[in-house]
Structure formats: structure tokens, C-alpha cells
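What follows is the content of query12.tsv (TSV, C-alpha atoms).
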chain	number	residue	atom	x	y	z
A	1142	MET	CA	54.21	88.06	-55.24
A	1143	LYS	CA	55.15	91.54	-56.49
A	1144	PRO	CA	58.73	91.76	-57.77
A	1145	LYS	CA	61.17	94.03	-55.97
A	1146	PRO	CA	61.81	97.36	-57.73
A	1147	ASN	CA	65.40	96.45	-58.53
A	1148	ASP	CA	64.74	92.93	-59.75
A	1149	PRO	CA	65.39	92.35	-63.48
A	1150	PRO	CA	62.29	91.27	-65.46
A	1151	ALA	CA	61.61	87.55	-65.27
A	1152	ASP	CA	61.84	87.06	-69.03
A	1153	LEU	CA	65.15	88.93	-69.12
A	1154	GLN	CA	66.43	86.81	-66.22
A	1155	GLN	CA	65.53	83.72	-68.24
A	1156	GLU	CA	67.44	85.10	-71.24
A	1157	VAL	CA	70.55	85.52	-69.07
A	1158	ASP	CA	70.15	81.95	-67.80
A	1159	ARG	CA	69.69	80.57	-71.31
A	1160	ALA	CA	72.67	82.47	-72.70
A	1161	LEU	CA	74.93	81.27	-69.89
A	1162	ALA	CA	73.62	77.70	-70.12
A	1163	ARG	CA	74.63	77.69	-73.76
A	1164	GLY	CA	77.92	79.20	-72.57
A	1165	GLY	CA	80.00	80.86	-75.06
A	1166	LEU	CA	82.45	83.63	-75.34
A	1167	ASP	CA	82.82	82.44	-78.87
A	1168	GLN	CA	81.31	84.67	-81.58
A	1169	LEU	CA	77.70	83.67	-80.93
A	1170	GLY	CA	77.99	83.67	-77.14
A	1171	THR	CA	79.65	87.10	-77.09
A	1172	ARG	CA	76.83	88.59	-79.16
A	1173	GLU	CA	74.16	87.13	-76.89
A	1174	LEU	CA	75.90	88.12	-73.67
A	1175	LEU	CA	76.49	91.70	-74.81
A	1176	GLY	CA	72.87	91.96	-75.93
A	1177	VAL	CA	71.55	90.64	-72.62
A	1178	LEU	CA	73.88	92.87	-70.63
A	1179	LEU	CA	72.87	96.05	-72.48
A	1180	SER	CA	69.19	95.08	-72.15
A	1181	CYS	CA	69.71	94.71	-68.39
A	1182	LEU	CA	71.23	98.18	-68.30
A	1183	PHE	CA	68.27	99.60	-70.26
A	1184	HIS	CA	65.83	98.18	-67.72
A	1185	ALA	CA	67.93	99.41	-64.82
A	1186	GLU	CA	67.90	102.92	-66.32
A	1187	ARG	CA	64.13	102.79	-66.76
A	1188	ARG	CA	63.69	101.76	-63.12
A	1189	SER	CA	65.76	104.80	-62.11
A	1190	HIS	CA	63.60	106.99	-64.38
A	1191	LEU	CA	60.35	105.65	-62.89
A	1192	GLU	CA	61.59	106.16	-59.34
A	1193	GLN	CA	62.17	109.83	-60.14
A	1194	THR	CA	59.03	110.31	-62.30
A	1195	VAL	CA	56.13	109.12	-60.16
A	1196	ASP	CA	53.48	109.99	-62.77
A	1197	ASP	CA	54.98	107.72	-65.44
A	1198	LYS	CA	54.55	103.93	-65.72
A	1199	GLY	CA	56.35	101.11	-67.47
A	1200	ASN	CA	54.85	100.03	-70.79
A	1201	GLY	CA	56.56	96.84	-71.89
A	1202	SER	CA	59.41	96.78	-74.38
A	1203	TYR	CA	60.25	96.31	-78.04
A	1204	GLU	CA	63.13	94.69	-79.90
A	1205	ARG	CA	65.76	96.53	-81.88
A	1206	GLY	CA	68.90	95.45	-83.69
A	1207	VAL	CA	72.09	97.50	-83.44
A	1208	ASN	CA	75.71	96.92	-84.39
A	1209	VAL	CA	78.78	97.02	-82.16
A	1210	GLY	CA	81.45	97.45	-84.81
A	1211	SER	CA	80.76	94.49	-87.13
A	1212	LEU	CA	78.94	92.53	-84.39
A	1213	PRO	CA	75.10	92.63	-84.63
A	1214	LEU	CA	73.18	92.69	-81.34
A	1215	ASP	CA	69.49	92.03	-80.61
A	1216	LEU	CA	68.39	94.35	-77.80
A	1217	GLU	CA	65.24	94.63	-75.68
A	1218	ILE	CA	64.29	98.32	-75.34
A	1219	PRO	CA	61.95	99.17	-72.41
A	1220	ARG	CA	59.24	101.85	-72.86
A	1221	THR	CA	57.09	104.03	-70.62
A	1222	ARG	CA	53.48	105.16	-71.07
A	1223	SER	CA	54.44	108.80	-71.51
A	1224	GLY	CA	56.88	107.91	-74.27
A	1225	GLU	CA	59.39	110.38	-72.82
A	1226	PHE	CA	61.89	107.73	-71.67
A	1227	ARG	CA	64.65	106.61	-74.00
A	1228	PRO	CA	67.72	104.65	-72.79
A	1229	SER	CA	70.74	106.91	-73.07
A	1230	GLN	CA	72.87	103.84	-73.93
A	1231	LEU	CA	71.13	103.53	-77.30
A	1232	PRO	CA	72.91	104.93	-80.33
A	1233	PRO	CA	71.49	108.27	-81.56
A	1234	ARG	CA	68.24	108.09	-83.54
A	1235	TYR	CA	68.66	106.93	-87.14
A	1236	GLN	CA	72.11	105.51	-86.32
A	1237	ARG	CA	72.38	101.74	-86.69
A	1238	GLY	CA	75.20	101.04	-84.24
A	1239	TYR	CA	77.90	102.05	-81.84
A	1240	GLY	CA	81.28	103.24	-83.08
A	1241	ASP	CA	84.19	100.81	-83.37
A	1242	SER	CA	85.93	102.23	-80.28
A	1243	ALA	CA	82.77	101.71	-78.24
A	1244	GLY	CA	82.54	98.15	-79.57
A	1245	ALA	CA	86.07	97.39	-78.42
A	1246	LEU	CA	85.23	98.57	-74.92
A	1247	LEU	CA	82.00	96.57	-74.80
A	1248	GLN	CA	83.77	93.40	-75.88
A	1249	GLN	CA	86.38	93.92	-73.13
A	1250	LEU	CA	83.48	93.92	-70.70
A	1251	VAL	CA	83.14	90.15	-70.90
A	1252	ALA	CA	86.79	89.27	-71.50
A	1253	ALA	CA	88.17	86.87	-68.93
A	1254	SER	CA	90.96	89.24	-68.00
A	1255	ARG	CA	88.68	92.09	-67.02
A	1256	SER	CA	87.36	92.85	-63.53
A	1257	MET	CA	83.96	94.33	-62.72
A	1258	GLY	CA	85.68	97.62	-61.96
A	1259	ALA	CA	87.23	97.59	-65.42
A	1260	ALA	CA	83.80	96.89	-66.93
A	1261	ARG	CA	82.34	99.91	-65.17
A	1262	GLU	CA	85.24	102.07	-66.35
A	1263	ALA	CA	84.68	100.87	-69.91
A	1264	LEU	CA	81.03	101.92	-69.76
A	1265	ARG	CA	81.96	105.26	-68.22
A	1266	GLY	CA	84.39	105.75	-71.09
A	1267	LEU	CA	81.38	105.48	-73.39
A	1268	GLU	CA	79.56	108.02	-71.22
A	1269	LEU	CA	76.88	105.43	-70.43
A	1270	PRO	CA	74.99	105.41	-67.13
A	1271	VAL	CA	76.08	102.39	-65.13
A	1272	SER	CA	73.89	100.12	-63.04
A	1273	GLU	CA	76.36	98.39	-60.77
A	1274	LYS	CA	73.66	95.94	-59.74
A	1275	ALA	CA	73.09	94.92	-63.34
A	1276	LEU	CA	76.81	94.43	-63.96
A	1277	GLU	CA	77.30	92.53	-60.73
A	1278	GLY	CA	74.26	90.43	-61.57
A	1279	VAL	CA	75.94	89.22	-64.76
A	1280	ALA	CA	79.12	88.39	-62.80
A	1281	GLN	CA	76.98	86.57	-60.23
A	1282	HIS	CA	75.58	84.34	-62.95
A	1283	PHE	CA	79.09	83.27	-63.91
A	1284	ILE	CA	79.82	82.53	-60.24
A	1285	GLU	CA	76.63	80.49	-59.88
A	1286	GLU	CA	77.42	78.57	-63.08
A	1287	PHE	CA	80.90	77.89	-61.71
A	1288	GLU	CA	79.45	76.47	-58.49
A	1289	LEU	CA	76.80	74.42	-60.31
A	1290	ARG	CA	79.63	72.75	-62.22
A	1291	ASN	CA	80.65	71.07	-58.95
A	1292	THR	CA	77.19	69.66	-58.22
A	1293	ARG	CA	75.64	68.55	-61.53
A	1294	PRO	CA	75.16	64.79	-62.13
A	1295	LEU	CA	77.89	63.21	-64.27
A	1296	ASP	CA	77.96	60.52	-66.94
A	1297	THR	CA	79.04	57.20	-65.46
A	1298	ASP	CA	81.73	56.55	-68.11
A	1299	LEU	CA	84.90	58.38	-69.15
A	1300	LEU	CA	87.71	57.49	-71.48
A	1301	ALA	CA	90.11	59.58	-69.38
A	1302	LEU	CA	90.16	61.84	-66.34
A	1303	PHE	CA	92.88	64.48	-65.91
A	1304	ILE	CA	93.41	66.08	-62.49
A	1305	ASP	CA	95.80	68.75	-61.26
A	1306	GLY	CA	95.98	71.63	-58.80
A	1307	LYS	CA	96.98	75.28	-59.29
A	1308	TYR	CA	98.33	77.53	-56.53
A	1309	VAL	CA	96.92	81.09	-56.43
A	1310	GLU	CA	96.68	83.93	-53.95
A	1311	VAL	CA	93.39	85.58	-53.01
A	1312	ARG	CA	93.13	88.89	-51.21
A	1313	GLU	CA	91.38	88.73	-47.86
A	1314	GLY	CA	91.23	92.08	-46.13
A	1315	ASP	CA	94.74	93.53	-46.07
A	1316	ARG	CA	96.59	90.26	-46.71
A	1317	LEU	CA	96.95	87.63	-49.40
A	1318	ARG	CA	95.68	84.15	-48.59
A	1319	PRO	CA	97.07	81.06	-50.36
A	1320	SER	CA	94.48	78.96	-52.17
A	1321	CYS	CA	94.53	75.96	-54.47
A	1322	VAL	CA	92.28	75.45	-57.50
A	1323	TYR	CA	91.48	71.71	-57.83
A	1324	LEU	CA	90.57	70.84	-61.41
A	1325	ALA	CA	89.20	67.65	-62.96
A	1326	VAL	CA	88.81	67.46	-66.75
A	1327	GLY	CA	87.01	64.50	-68.29
A	1328	LEU	CA	87.39	63.06	-71.79
A	1329	GLY	CA	83.97	61.63	-72.61
A	1330	ARG	CA	83.23	58.66	-74.82
A	1331	ASP	CA	82.20	61.18	-77.49
A	1332	GLY	CA	85.81	62.41	-77.53
A	1333	LYS	CA	85.09	65.86	-76.05
A	1334	LYS	CA	86.75	67.39	-73.00
A	1335	ARG	CA	84.71	68.94	-70.20
A	1336	VAL	CA	85.55	70.40	-66.80
A	1337	LEU	CA	83.80	68.13	-64.29
A	1338	ALA	CA	85.00	69.81	-61.11
A	1339	CYS	CA	86.71	73.09	-60.33
A	1340	GLN	CA	87.01	73.97	-56.67
A	1341	ALA	CA	88.98	76.88	-55.23
A	1342	LEU	CA	89.82	75.91	-51.63
A	1343	PRO	CA	91.87	77.84	-49.05
A	1344	GLY	CA	95.37	76.72	-48.17
A	1345	ARG	CA	98.04	74.83	-50.05
A	1346	GLU	CA	97.32	71.72	-52.11
A	1347	SER	CA	96.32	68.93	-49.72
A	1348	LEU	CA	95.54	65.23	-49.91
A	1349	GLU	CA	92.36	65.66	-47.88
A	1350	HIS	CA	91.01	68.19	-50.34
A	1351	TRP	CA	91.81	65.84	-53.23
A	1352	LYS	CA	89.93	63.03	-51.48
A	1353	SER	CA	86.92	65.33	-51.14
A	1354	VAL	CA	87.03	66.42	-54.79
A	1355	LEU	CA	87.37	62.85	-56.13
A	1356	ARG	CA	84.70	61.42	-53.84
A	1357	SER	CA	82.31	64.13	-55.01
A	1358	LEU	CA	82.81	62.92	-58.60
A	1359	ILE	CA	81.76	59.43	-57.52
A	1360	GLU	CA	78.78	60.77	-55.56
A	1361	ARG	CA	77.67	62.63	-58.69
A	1362	GLY	CA	77.66	59.41	-60.73
A	1363	LEU	CA	81.14	58.79	-62.15
A	1364	ARG	CA	82.01	55.07	-62.13
A	1365	ASN	CA	84.13	53.79	-65.00
A	1366	ILE	CA	87.39	55.36	-66.23
A	1367	LEU	CA	89.87	53.85	-68.67
A	1368	LEU	CA	92.78	56.11	-67.68
A	1369	LEU	CA	93.33	58.62	-64.87
A	1370	VAL	CA	96.17	61.12	-65.40
A	1371	GLN	CA	97.69	63.03	-62.45
A	1372	ASP	CA	100.95	64.33	-61.06
A	1373	ASP	CA	102.85	62.50	-58.33
A	1374	PHE	CA	101.52	64.60	-55.44
A	1375	SER	CA	102.42	62.86	-52.18
A	1376	GLY	CA	99.84	60.19	-51.28
A	1377	LEU	CA	97.54	60.89	-54.26
A	1378	LEU	CA	98.43	57.73	-56.20
A	1379	ALA	CA	97.17	55.48	-53.40
A	1380	VAL	CA	93.94	57.50	-53.19
A	1381	THR	CA	93.15	57.35	-56.91
A	1382	LYS	CA	93.96	53.63	-57.11
A	1383	SER	CA	91.61	53.02	-54.18
A	1384	LEU	CA	88.73	55.13	-55.51
A	1385	PHE	CA	89.03	53.98	-59.15
A	1386	PRO	CA	90.51	50.45	-58.91
A	1387	THR	CA	89.72	49.49	-62.53
A	1388	ALA	CA	91.40	52.58	-64.04
A	1389	ASP	CA	94.97	52.73	-65.30
A	1390	VAL	CA	96.75	55.56	-63.47
A	1391	GLN	CA	99.25	57.61	-65.47
A	1392	LEU	CA	101.71	59.90	-63.68
A	1393	CYS	CA	102.42	63.02	-65.72
A	1394	ILE	CA	105.64	62.78	-67.73
A	1395	VAL	CA	106.04	66.58	-67.84
A	1396	HIS	CA	105.94	66.76	-64.03
A	1397	ALA	CA	108.61	64.03	-63.94
A	1398	GLN	CA	110.81	66.13	-66.24
A	1399	ARG	CA	110.39	69.19	-63.99
A	1400	ASN	CA	111.28	67.12	-60.94
A	1401	ALA	CA	114.32	65.71	-62.73
A	1402	LYS	CA	115.62	69.24	-63.26
A	1403	THR	CA	115.31	69.85	-59.51
A	1404	HIS	CA	116.80	66.55	-58.30
A	1405	LEU	CA	119.38	65.67	-60.95
A	1406	GLY	CA	120.90	69.01	-61.85
A	1407	LYS	CA	121.41	70.38	-65.35
A	1408	THR	CA	123.59	67.55	-66.69
A	1409	GLY	CA	121.55	64.76	-65.09
A	1410	ALA	CA	118.27	66.28	-66.28
A	1411	ALA	CA	119.60	66.44	-69.85
A	1412	GLU	CA	120.48	62.74	-69.69
A	1413	PHE	CA	117.07	61.98	-68.19
A	1414	ASN	CA	115.18	63.87	-70.93
A	1415	SER	CA	117.23	62.30	-73.72
A	1416	ARG	CA	116.47	58.78	-72.52
A	1417	LEU	CA	112.84	59.66	-71.83
A	1418	ARG	CA	112.32	60.78	-75.45
A	1419	THR	CA	113.43	57.33	-76.60
A	1420	ILE	CA	111.04	55.65	-74.16
A	1421	LYS	CA	108.07	57.80	-75.28
A	1422	ALA	CA	108.70	56.76	-78.90
A	1423	SER	CA	108.72	53.05	-78.04
A	1424	TYR	CA	106.03	50.84	-79.62
A	1425	ASP	CA	106.50	48.00	-77.13
A	1426	PRO	CA	105.58	48.57	-73.45
A	1427	GLU	CA	107.90	45.73	-72.38
A	1428	LEU	CA	110.82	47.23	-74.28
A	1429	ALA	CA	110.01	50.61	-72.76
A	1430	GLY	CA	110.11	48.99	-69.29
A	1431	GLY	CA	113.68	47.84	-69.92
A	1432	GLN	CA	114.65	51.28	-71.18
A	1433	TRP	CA	113.12	52.83	-68.05
A	1434	GLU	CA	115.36	50.65	-65.89
A	1435	GLU	CA	118.37	51.73	-67.93
A	1436	LEU	CA	117.37	55.36	-67.36
A	1437	CYS	CA	117.17	54.73	-63.61
A	1438	GLN	CA	120.59	53.11	-63.56
A	1439	ALA	CA	122.15	55.98	-65.54
A	1440	CYS	CA	120.74	58.69	-63.23
A	1441	GLU	CA	120.77	56.88	-59.89
A	1442	LYS	CA	124.13	58.31	-58.73
A	1443	ASP	CA	122.80	61.90	-58.87
A	1444	SER	CA	119.71	61.34	-56.67
A	1445	PRO	CA	119.13	57.80	-55.33
A	1446	THR	CA	115.90	58.72	-53.52
A	1447	PHE	CA	114.29	60.36	-56.58
A	1448	ILE	CA	115.28	57.44	-58.82
A	1449	ALA	CA	113.96	54.91	-56.28
A	1450	GLU	CA	110.53	56.55	-56.58
A	1451	LEU	CA	110.69	56.47	-60.37
A	1452	ARG	CA	111.66	52.80	-60.34
A	1453	LYS	CA	108.85	51.92	-57.92
A	1454	LYS	CA	106.22	53.74	-60.01
A	1455	ARG	CA	107.41	52.63	-63.45
A	1456	GLU	CA	104.08	51.10	-64.51
A	1457	HIS	CA	102.30	54.36	-63.75
A	1458	TYR	CA	104.75	56.48	-65.71
A	1459	LEU	CA	104.44	54.14	-68.71
A	1460	ALA	CA	100.69	53.40	-68.61
A	1461	PHE	CA	100.10	55.63	-71.68
A	1462	LEU	CA	102.01	53.13	-73.87
A	1463	ARG	CA	99.12	50.67	-73.57
A	1464	TYR	CA	96.92	53.07	-75.58
A	1465	PRO	CA	96.76	53.89	-79.32
A	1466	GLU	CA	99.75	55.77	-80.65
A	1467	GLN	CA	97.63	58.76	-81.73
A	1468	VAL	CA	96.64	59.62	-78.13
A	1469	ARG	CA	99.83	58.71	-76.28
A	1470	ARG	CA	101.01	62.30	-76.12
A	1471	THR	CA	97.62	63.43	-74.77
A	1472	PHE	CA	97.45	60.57	-72.28
A	1473	SER	CA	100.99	60.99	-70.92
A	1474	THR	CA	100.51	64.44	-69.37
A	1475	THR	CA	98.02	66.62	-67.49
A	1476	ASN	CA	98.09	69.19	-70.32
A	1477	ALA	CA	94.28	69.08	-70.56
A	1478	VAL	CA	94.15	70.70	-67.12
A	1479	GLU	CA	97.01	73.04	-68.05
A	1480	ALA	CA	94.72	74.56	-70.70
A	1481	VAL	CA	92.57	75.93	-67.86
A	1482	ASN	CA	95.56	76.71	-65.64
A	1483	GLY	CA	97.11	78.69	-68.48
A	1484	GLN	CA	94.01	80.90	-68.71
A	1485	LEU	CA	94.09	81.26	-64.93
A	1486	GLU	CA	97.73	82.35	-65.03
A	1487	ILE	CA	96.91	85.07	-67.58
A	1488	MET	CA	94.10	86.31	-65.32
A	1489	ARG	CA	96.39	86.26	-62.29
A	1490	ARG	CA	98.97	88.42	-64.03
A	1491	ASN	CA	96.33	90.83	-65.35
A	1492	ASN	CA	94.88	91.15	-61.85
A	1493	GLY	CA	98.25	92.22	-60.41
A	1494	GLY	CA	99.50	88.77	-59.39
A	1495	TYR	CA	96.53	87.82	-57.20
A	1496	PHE	CA	92.71	87.76	-57.18
A	1497	SER	CA	90.86	90.51	-55.32
A	1498	SER	CA	88.34	88.09	-53.78
A	1499	ALA	CA	87.14	84.50	-53.88
A	1500	ASP	CA	84.17	85.58	-56.00
A	1501	ASN	CA	86.48	87.36	-58.42
A	1502	LEU	CA	88.46	84.13	-58.82
A	1503	LYS	CA	85.29	82.09	-59.38
A	1504	ALA	CA	83.89	84.50	-61.96
A	1505	ARG	CA	87.15	84.57	-63.95
A	1506	LEU	CA	87.44	80.77	-63.82
A	1507	GLY	CA	83.82	80.37	-64.92
A	1508	ILE	CA	84.41	82.58	-67.95
A	1509	ALA	CA	87.70	80.84	-68.84
A	1510	ILE	CA	86.13	77.38	-68.67
A	1511	GLU	CA	83.18	78.37	-70.84
A	1512	ARG	CA	85.57	79.86	-73.40
A	1513	LEU	CA	87.39	76.52	-73.65
A	1514	GLU	CA	84.29	74.32	-73.70
A	1515	ASN	CA	82.55	76.44	-76.31
A	1516	GLY	CA	85.74	77.06	-78.28
A	1517	ARG	CA	88.41	74.52	-79.11
A	1518	TRP	CA	86.99	71.86	-76.76
A	1519	ASN	CA	83.69	71.98	-78.62
A	1520	ARG	CA	85.38	69.93	-81.34
A	1521	VAL	CA	86.95	66.49	-80.98
A	1522	ALA	CA	90.73	66.78	-81.30
A	1523	VAL	CA	92.14	65.14	-84.44
A	1524	SER	CA	94.38	62.82	-82.38
A	1525	VAL	CA	91.41	61.62	-80.32
A	1526	SER	CA	89.06	61.37	-83.30
A	1527	SER	CA	91.41	59.01	-85.15
A	1528	ALA	CA	91.56	56.68	-82.13
A	1529	LEU	CA	88.03	57.12	-80.75
A	1530	ALA	CA	86.59	53.83	-82.04
A	1531	GLN	CA	89.56	51.92	-80.68
A	1532	LEU	CA	89.33	53.65	-77.30
A	1533	ASN	CA	85.63	52.85	-77.02
A	1534	ALA	CA	86.32	49.23	-77.94
A	1535	MET	CA	88.90	49.10	-75.14
A	1536	PHE	CA	86.32	50.59	-72.78
A	1537	VAL	CA	83.68	48.01	-73.66
A	1538	THR	CA	86.19	45.16	-73.24
A	1539	ARG	CA	87.30	46.32	-69.80
A	1540	PHE	CA	83.89	47.14	-68.37
A	1541	GLU	CA	81.77	44.55	-70.19
A	1542	GLY	CA	79.25	43.03	-67.81
A	1543	GLN	CA	79.67	45.71	-65.16
A	1544	SER	CA	76.61	47.63	-64.08
Once more with this new file: its structure as C-alpha cells, please.
Amino acid sequence: MKPKPNDPPADLQQEVDRALARGGLDQLGTRELLGVLLSCLFHAERRSHLEQTVDDKGNGSYERGVNVGSLPLDLEIPRTRSGEFRPSQLPPRYQRGYGDSAGALLQQLVAASRSMGAAREALRGLELPVSEKALEGVAQHFIEEFELRNTRPLDTDLLALFIDGKYVEVREGDRLRPSCVYLAVGLGRDGKKRVLACQALPGRESLEHWKSVLRSLIERGLRNILLLVQDDFSGLLAVTKSLFPTADVQLCIVHAQRNAKTHLGKTGAAEFNSRLRTIKASYDPELAGGQWEELCQACEKDSPTFIAELRKKREHYLAFLRYPEQVRRTFSTTNAVEAVNGQLEIMRRNNGGYFSSADNLKARLGIAIERLENGRWNRVAVSVSSALAQLNAMFVTRFEGQS
């Protein structure tokens, strides 16, 4: 079947796929992505040239290295039979690279905080011809990678699963529509964190959507979890206990502190936080249980209903104390998810407080997640590394004999 005139070359399409599969807006990933993007633009410009020059034909391509500031790029330069075509995006002949100012603009092109419109403006600032299809094609790959993240098969075993939702607004026509980003971050038995699910669904955070997200993890292969960390969203505790009955469920301590500020007032919240610090430092879960009861008694007069919930869910607020001391801080909160939410919040502010479309949100999230997974999450955290053997021993003991 003959390719469409505006289709990128198959080998170039494969290069885009390979670069995105490796991920990476780290140093290596940035170099590859910029090289692939510029190569796409070169081919798009040649297609435009051939459409206007009917007597000329394409004649393959050759490789050339150029520098963007101090960053070396490997580019694929398309040719024509007449030899008269030369991509205008290339540096002048006998010049090895782009200027530093051009390099800064090119690097902004793939920054998570930049929109496709900003990318086009950056290229126009360099006086480069812009193929909107080529640029949008790169964004589309991030969107597709984002969606594939919610369908790929999963490992059956996790040391921990962290889940949380993030409220955002997405523009739809002339109004802003509320949406919730449902995130699930897994800590694998190798000690590395990975985003297992990231779904942006319309409306406020809902229990039905959480059921759908968690069931999809099971359908994709997840079975055994040592610890599941979540906030105390209404009804969610019963759902997670039902779906993962062998997992310890930890309710986020940081969320409890935020709620204390709302329910107990300034003075009551200060008392709550002071006592909670003592509990978090406890070596003995039974001793911590007694201290939790003392906390409830001290704060009960300010909000009986709030304290009744804390008392009822004590074991889930203190589940982290059953784990090695090195990981208790990590296991007591949903901060693993907050790493993604923090990136999302930066994007939201840089986009004017909302996202211009659902696809814009997906593309920005896809880039942010790859930056984390190929950046600091690509290494095992020191706290986890020091306790990894012990955590895996706990896993084997709990799930020994299970299929």
C-alpha cells in the first residue's frame, strides 16, 4: 500500500516510537527527542518542496551531527534527486550547530510546561518553517503513550501501591469542565516506582471511578500487594479492602493533618500535630495504639464526629508502623502520587489555571510521568534500598504458597 503524502517515513516513525518507549526527558531522552523532531520537520519540508516541484523526486537521506548549544544531536537529512533541496532548519553550511539562544528555544519545545502553540512560536522565533502536523504528531505520541499506560499488563506483585486523585479544570468550548486525574503509583519488588494507571475522567472525584480504576489494575494482572496507601475518601477504604483483602491499607497521615486543621481549628490542630509526631516516632505499634487513643481523647471536645472516625480507623492510620523504620515515612503518606500531582500543578499554573483540552492534559501528564520515571524514579531511593531485602522477605512470608 502506497503511503499517504503527509505520512512520516516508516523508519522515522519507528525512531519516534523507540525514543518514546525508552522515555526520557533526561539528558539522553531530550537529545533523542529533539533529533527525531527536527528530522520529522526536515521530511515535512521536503514533502512541501516536492509538492511544489513536480519534476524533482525524493532520494533517501543521510545522517549529520549538529550541536544545540552543548547538546549534540544526530539528525536524518532528506535529499532529492536534483540536489537543489536543503532543509532551511539546518545550520548554515560549514557551521556545526545552532546558537545557544536557538538551543534554549528548542529545549523548551519538549518541556512539560509548554503547549503546542508555544512550540510553534519557539520555532517561528528561530525563523524555521513549521509543519504543524509534524509537531502535533509528536504530541500525539505522548498522548498514545499515556493511554497505553492504562492498558499494559502488570506484574502480579507489588511492595506498595499509592493512589490519590487530583482535581483539575479542562476547557470545553466556552466553559471550564471539572475533571479528576486518578493516579496509581506502584513500588515494585525491585524497589522502583512506576505509574501503573493515570486516568483523567470528567466530573469530581467519585467512588465509582475509583472502583473502575482499581478493577482495571486487577484485570491487567495485579494480585499481591503488601501495603496500599490512600486518603480517606468516603467509601474508598471498604472498596480497597474488598479488592485487595491481603493488603495492609494505610490512610495518609498528611491528609489526616489537613483534615485536623479544618475540623479542630488552629489550637486543636497544633495539639493534634504535636501528638502525631510522637506517634510517628514510636517503635512499638501497640504503644502507638495507646498514644493514638490519648490523642483522640485530647481532641474529642473540638470535633466529636471527626475524632470518632479517627478512632474507628486507627489500625489503618498506624499500619505503616508494622514496616521497617527506614520506609515508614514513605509508607505513611501518598507523597509518591504527589510527585506527579506537583508536576501537574506546575503545568496547570503555566497553562493559565486550566488545561485547554483533554488531549492537552494527557500530553502534559505523559511528559511529566516520563520525566519522573526516567529521572529520579529510575534509581531506588536510599530509604527503600536499605530495607528492600526485609520488605521482600515480608512479601514472601505473607504470600508464600499463593498462586
Contact residues around Gly1314 of chain A with only C-alpha atoms at 12 Å, ignoring same-chain residues under 3 positions, as a VMD selection string: chain A and resid 1311 1317 to 1318 1496 to 1499
In Å, how far is it from atom CA of Ala1341 of chain A to atom CA of Val1395 of chain A? 23.6 Å
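When all atoms listed in the file are used to measure the gap to Cys1437 of chain A, the shortest distance among A:Tyr1203, A:Tyr1458, A:Tyr1424, A:Phe1413 belongs to A:Phe1413.
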Residues at most 10 Å from His1350 of chain A, counting only C-alpha atoms, excluding those fewer than 6 positions away in the same chain, as a PyMOL selection string? chain A and resi 1321+1323+1340+1342-1344+1356
For Gly1507 of chain A, list every protein, DNA or RNA residue within 9 Å, evaluated using only C-alpha atoms, and leave out those in the same chain fewer than 2 positions away; present the list as JSON, numbers by chain. {"A": [1253, 1283, 1284, 1285, 1286, 1287, 1288, 1502, 1503, 1504, 1505, 1509, 1510, 1511, 1512]}
Mind checking which residues fall within 8 Å of Tyr1308 of chain A, counting all atoms listed in the file, ignoring those fewer than 5 positions away in the same chain, and posting them as a list in words?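 What passes the distance filter is Pro1319, Ser1320, Cys1321, Val1322, Arg1345 and Glu1346 of chain A.
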If I take atom CA of Pro1386 of chain A and atom CA of Leu1369 of chain A, how far is one from the other in Å, to one decimal?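 Taking atom CA of Pro1386 of chain A as the start and atom CA of Leu1369 of chain A as the end point, the length is 10.5 Å.
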Need the axis-aligned box for segment 1316-1320 of chain A with 3 Å each side, so what are the centre and edges in Å to one decimal, as JSON?
{"center_x": 95.8, "center_y": 84.6, "center_z": -49.4, "size_x": 8.6, "size_y": 17.3, "size_z": 11.5}
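Using only C-alpha atoms for every distance, the candidate list A:His1404, A:His1396, A:Glu1427, A:Val1309 yields A:Val1309 as the residue closest to Asn1492 of chain A.
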List the spatial neighbours of Glu1360 of chain A as a PDB file with C-alpha atoms, in the coordinates of the input - criterion: any atom at most 12 Å away, only C-alpha atoms, same-chain residues fewer than 3 positions off excluded.
ATOM      1  CA  ASN A1291      80.650  71.070 -58.950  1.00  0.00           C
ATOM      2  CA  THR A1292      77.190  69.660 -58.220  1.00  0.00           C
ATOM      3  CA  ARG A1293      75.640  68.550 -61.530  1.00  0.00           C
ATOM      4  CA  PRO A1294      75.160  64.790 -62.130  1.00  0.00           C
ATOM      5  CA  LEU A1295      77.890  63.210 -64.270  1.00  0.00           C
ATOM      6  CA  ASP A1296      77.960  60.520 -66.940  1.00  0.00           C
ATOM      7  CA  THR A1297      79.040  57.200 -65.460  1.00  0.00           C
ATOM      8  CA  SER A1353      86.920  65.330 -51.140  1.00  0.00           C
ATOM      9  CA  VAL A1354      87.030  66.420 -54.790  1.00  0.00           C
ATOM     10  CA  LEU A1355      87.370  62.850 -56.130  1.00  0.00           C
ATOM     11  CA  ARG A1356      84.700  61.420 -53.840  1.00  0.00           C
ATOM     12  CA  SER A1357      82.310  64.130 -55.010  1.00  0.00           C
ATOM     13  CA  LEU A1363      81.140  58.790 -62.150  1.00  0.00           C
ATOM     14  CA  ARG A1364      82.010  55.070 -62.130  1.00  0.00           C
ATOM     15  CA  LEU A1384      88.730  55.130 -55.510  1.00  0.00           C
TER      16      LEU A1384
END
Have a look at atom CA of Glu1514 of chain A and atom CA of Ser1180 of chain A and let me know their distance in Å, one decimal.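 Taking atom CA of Glu1514 of chain A as the start and atom CA of Ser1180 of chain A as the end point, the length is 25.7 Å.
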